Amino acid sequence: MFGDYSIGDLGSIFVMQGFAGLILFSVYVLMALGLAIIFGQMGVINMAHGEFMILGAYVTWMTSNFFQAYLPGLFAGYFFLAMILAFIVSGALGMLVEWALIRHLYKRPLDTLLATWGLSLILQQAYRSIFGAREVGVELPQWMLGSLNLSDSIQIPINGIFVMTLTLLITAVVGYLMYKSRWGRQVRAVVQNRIMAGAVGINTEKVDRYTFGLGCGIAGIAGSAFTMIGSTGPTSGQLYIVDTFLVVVFGGAASLLGTIASAFSISQTQSTLEFFLSGSMAKVITLLAVVGILMLRPQGLFALKVRK
Amino acid sequence: MTANRFVNRSELIGILVLAAFLVVILPLCLDVFRLNLVAKYLTYAFVALGLVICWGYGGILSLGQGVFFGLGGYCMAMFLKLEASSVENTKIQSTPGIPDFMDWNQITSLPYFWRPFHSLTFTIAAIILVPGIFALIIGAAMFKRRVGGTYFAIITQAVAAILTILIVGQQGYTGGINGMTDLRTLKGWDIRPDHAKIVLYFFEVGCLFACIFIAQFIRHSKLGRILIAMRDKEDRVRFSGYSVANFKIFAFTVAAVFSAIGGAMFALNVGFMSPSFVGIVPSIEMVIYTAVGGRLSILGAVYGTLLVNFAKTSLSESFPELWLFGLGGLFIAVVLAFPDGIAGIWADYVQPRIDRLVGSRKPGWVASIDSSVADGAPAE
């Protein structure tokens with residue numbers, strides 16, 4: 001499959017596809033960060049995570065429509081507000097769900113999977129009833145369109161760089177929150193020993209609720225980024241949920257660094273293969289490789305050494 | 001309860017009631033179209049039955065049962081499709097004698113892996129062996145390394161995703177998103193007219209009861225009790241010297257073979273097979289049949305499947321919008337409020353009343369029901 005291209009061409013193809021994969025990478029990282037927090041830290045399988053992401057995408061879409069209709073002068077900056085709103089709305093819904101549903105199921109992780117799957121069906125139908133079954137697309141402000149020309153054959157889309165920067169920023173914030181802040185210490189304490197954490201005065205219920213809310217909120221931001229690579233429909237989130245779970249498991253569930261590394265390798269493999277093969281075969285080979293590696297190394301790339 | 005009998009008295013009554021319901025009442029009350037719908041639902045009951053063993057007793061939640069359902073179904077469909085694409089049936093094609101979708105995709109000769117499916121014996125063996133061996137490989141790879149629980153669920157889901165994408169992508173070999181349609185005859189016997197549908201229905205019910213008896217046998221054998229012990233305290237079973245991985249592989253493989261039989265029945269009864277029964281969404285939906293019936297109840301799986309599917313058909317006929325809300329709510333309700341499904345409700349509320357009405361039963365009989373419920377209670 002490489003035979004028809006010269007070495008220079010191949011180099012350009014890899015760089016271009018690599019940057020094209022960056023937005024996919026960002027969506028994976030943001031989705032997986034949220035999941036890694038919820039699954040890795042709390043042990044809850046949130047099958048509705050894709051729907052939280054799509055909620056963020058719909059919020060972005062509504063914000064862009066609002067700015068177009070009422071504040072066209074400020075349209076250039078709407079994306080920042082949209083992301084903040086997406087975070088707040090998805091996070092709030094997440095906290096509500098934790099209160100109503102998840103907190104009853106902490107001892108039964110497989111059952112959270114079924115319950116959140118039910119939730120995802122309900123959310124999908126709710127989106128369909130509210131926003132309609134048609135997929136919607138978001139219009140980007142002028143400055144995000146276009147691309148930087150590095151050389152004659154290499155062009156980098158600006159929105160890719162933007163989303164990428166943002167992803168790194170959010171990852172850094174989450175990393176700080178989890179590993180350096182007082183709150184992160186509390187979260188990790190609750191994960192490691194819920195009863196003892198409660199005994200030393202940590203409000204475990206509150207910690208659980210905010211952790212779940214944070215994970216869902218980040219999914220909302222992922223939804224904002226998602227609007228740049230795909231159109232938003234009621235079931236768009238479902239397509240990403242398995243990929244994202246694989247990203248989390250592949251990286252090693254409790255490791256943020258592993259999540260980033262695995263999101264990067266999976267999205268780049270897929271994006272590069274897509275140039276040479278059909279999209280579906282690229283996906284099959286990527287998934288097969290991930291499942292194969294997981295069979296050889298079930299603990300994922302970066303396993304946290306924990307005595308069980 | 002005598003340990004060696006594989007049905008106790010109350011279970012025997014339950015099986016007889018189910019047999020009367022499926023063999024006598026439904027065929028008498030329903031027209032052929034509705035009976036064929038029931039036949040379609042019952043194909044999922046095979047999957048649900050497998051999940052009772054694998055998930056209810058073994059504690060292994062597989063979200064990829066659609067994979068095995070699909071493998072079984074596609075094996076059957078390949079045989080039927082080859083028979084339907086005889087040279088004289090397909091003489092208008094540019095290459096007669098190959099399935100129509102291959103002709104549309106510019107494939108000029110039958111691929112090598114299709115050729116053995118000319119033989120019915122090979123096909124029947126393949127329906128059992130292909131999914132069985134596939135499950136054996138996945139199970140061995142995962143359980144020998146002590147991957148279980150949620151990780152296993154996610155990986156089976158990924159397998160379901162891979163197989164769907166592969167089937168849809170390789171249109172020339174598999175029929176793509178439309179699947180294999182227009183299946184006509186089985187060894188020259190037309191499977192489409194009404195009388196054939198009725199024969200196939202009874203054949204399917206026969207197979208279902210064979211599977212129910214196998215499940216009963218496993219449940220009451222020592223093997224079944226090790227499965228339950230393993231689900232509740234895996235480490236203790238391991239420390240007692242049992243190979244936990246092998247028992248898990250066994251349970252998973254049995255579930256896979258049951259699903260595959262269901263898939264083959266689907267291809268026969270419904271007359272087509274498509275990737276929409278393979279992927280993640282149908283696989284998870286199959287789990288809900290088991291959950292509604294009661295994940296510990298072999299007969300409950302059959303009732304759960306029928307109930308959910310009847311609800312789905314009637315709700316989506318009249319209120320298509322409501323169905324997803326209903327299904328989603330069902331998932332949540334079953335998990336939060338009724339972890340033992342219909343069987344749990346029956347054992348908690350209906351059975352005691354019946355006992356009171358019947359009155360003077362031997363106490364041992366009631367105790368055996370209680371113990372069969374108690375030893376199957378959820379782990380935590």
# chains A, B, ... in the order shown; residues from 1 in each chain; ligands from 1

call {"tool": "residues_around", "arguments": {"residues": "B:Phe338", "least_positions_apart": "4", "cutoff": "9 Å", "atoms": "only C-alpha atoms", "output": "list in words"}}
result
Ala291, Val292, Gly294, Ala333, Val334, Ile342, Gly344 and Ile345 of chain B

call {"tool": "write_last_selection", "arguments": {"atoms": "C-alpha atoms", "output": "short mmCIF file (atom, residue, chain, number, x, y, z; two decimals), in the first residue's frame"}}
result
data_model
loop_
_atom_site.label_atom_id
_atom_site.label_comp_id
_atom_site.auth_asym_id
_atom_site.auth_seq_id
_atom_site.Cartn_x
_atom_site.Cartn_y
_atom_site.Cartn_z
CA ALA B 291 -32.43 -9.10 33.44
CA VAL B 292 -36.19 -8.65 33.09
CA GLY B 294 -34.55 -12.64 36.32
CA ALA B 333 -36.01 -0.13 36.98
CA VAL B 334 -34.70 -3.65 36.65
CA ILE B 342 -39.96 -11.37 37.02
CA GLY B 344 -37.91 -12.51 41.83
CA ILE B 345 -41.35 -10.93 41.89
#

call {"tool": "interface_residues", "arguments": {"of": "chain A", "to": "chain B", "cutoff": "6 Å", "atoms": "only C-alpha atoms", "output": "JSON, numbers by chain"}}
result
{"A": [115, 118, 119, 121, 122, 280, 284, 295]}

call {"tool": "residues_around", "arguments": {"residues": "A:Ser267", "least_positions_apart": "3", "cutoff": "7 Å", "atoms": "only C-alpha atoms", "output": "VMD selection string"}}
result
chain A and resid 21 24 to 25 263 to 264 270 to 271

call {"tool": "select_by_dssp", "arguments": {"residues": "stretch 45-227 of chain B", "states": "helix (DSSP H, G or I)", "output": "ChimeraX atom specification"}}
result
/B:45-57,65-84,100-104,112-118,120-143,149-169,171-174,176-178,194-220,222-227

call {"tool": "atom_distance", "arguments": {"atom1": "atom CA of B:Met102", "atom2": "atom CA of A:Ile285"}}
result
23.4 Å

call {"tool": "closest_residue", "arguments": {"among": "B:Leu18, B:Met230, B:Ala45, B:Leu296", "to": "B:Ser243", "atoms": "only C-alpha atoms"}}
result
B:Met230

call {"tool": "residues_around", "arguments": {"residues": "stretch 213-216 of chain A", "least_positions_apart": "5", "cutoff": "10 Å", "atoms": "only C-alpha atoms", "output": "tab-separated table (two decimals) with C-alpha atoms, in the first residue's frame"}}
result
chain	number	residue	atom	x	y	z
A	30	LEU	CA	-11.45	14.75	26.61
A	31	MET	CA	-14.01	11.92	26.52
A	32	ALA	CA	-11.50	9.51	27.99
A	33	LEU	CA	-10.42	11.95	30.71
A	34	GLY	CA	-14.00	12.15	31.91
A	35	LEU	CA	-14.37	8.39	31.72
A	36	ALA	CA	-11.01	7.78	33.36
A	37	ILE	CA	-12.11	9.90	36.27
A	38	ILE	CA	-15.47	8.16	36.55
A	39	PHE	CA	-14.35	4.63	35.73
A	46	ASN	CA	-20.88	5.24	32.50
A	48	ALA	CA	-24.21	7.37	28.92
A	49	HIS	CA	-20.93	9.24	28.61
A	50	GLY	CA	-21.43	9.68	24.88
A	51	GLU	CA	-24.79	11.31	25.56
A	52	PHE	CA	-23.18	13.75	27.98
A	53	MET	CA	-20.76	14.60	25.20
A	55	LEU	CA	-25.32	17.36	25.29
A	56	GLY	CA	-22.21	19.54	25.18
A	86	ALA	CA	-21.25	22.90	27.86
A	87	PHE	CA	-19.16	22.10	30.90
A	88	ILE	CA	-21.73	23.54	33.31
A	89	VAL	CA	-24.78	21.94	31.71
A	90	SER	CA	-23.25	18.48	31.31
A	91	GLY	CA	-21.71	18.65	34.74
A	92	ALA	CA	-25.00	19.64	36.35
A	93	LEU	CA	-26.82	16.80	34.62
A	94	GLY	CA	-24.05	14.47	35.73
A	95	MET	CA	-24.46	15.49	39.36
A	96	LEU	CA	-28.21	15.02	39.09
A	97	VAL	CA	-27.72	11.54	37.64
A	98	GLU	CA	-25.25	10.64	40.35
A	174	VAL	CA	-7.40	17.95	35.60
A	207	VAL	CA	-16.79	13.91	46.77
A	208	ASP	CA	-18.54	11.26	44.67
A	221	ILE	CA	-16.32	20.12	26.57
A	222	ALA	CA	-15.45	17.11	24.42

call {"tool": "atom_distance", "arguments": {"atom1": "atom CA of B:Asp355", "atom2": "atom CA of B:Asp340"}}
result
20.3 Å

call {"tool": "residues_around", "arguments": {"residues": "B:Ile226", "least_positions_apart": "2", "cutoff": "10 Å", "atoms": "only C-alpha atoms", "output": "list of chain:residue names"}}
result
B:Tyr57, B:Gly58, B:Arg219, B:Ser221, B:Lys222, B:Leu223, B:Gly224, B:Ile228, B:Ala229, B:Met230, B:Arg231, B:Asp232, B:Glu234, B:Val237, B:Tyr242, B:Val244, B:Phe247
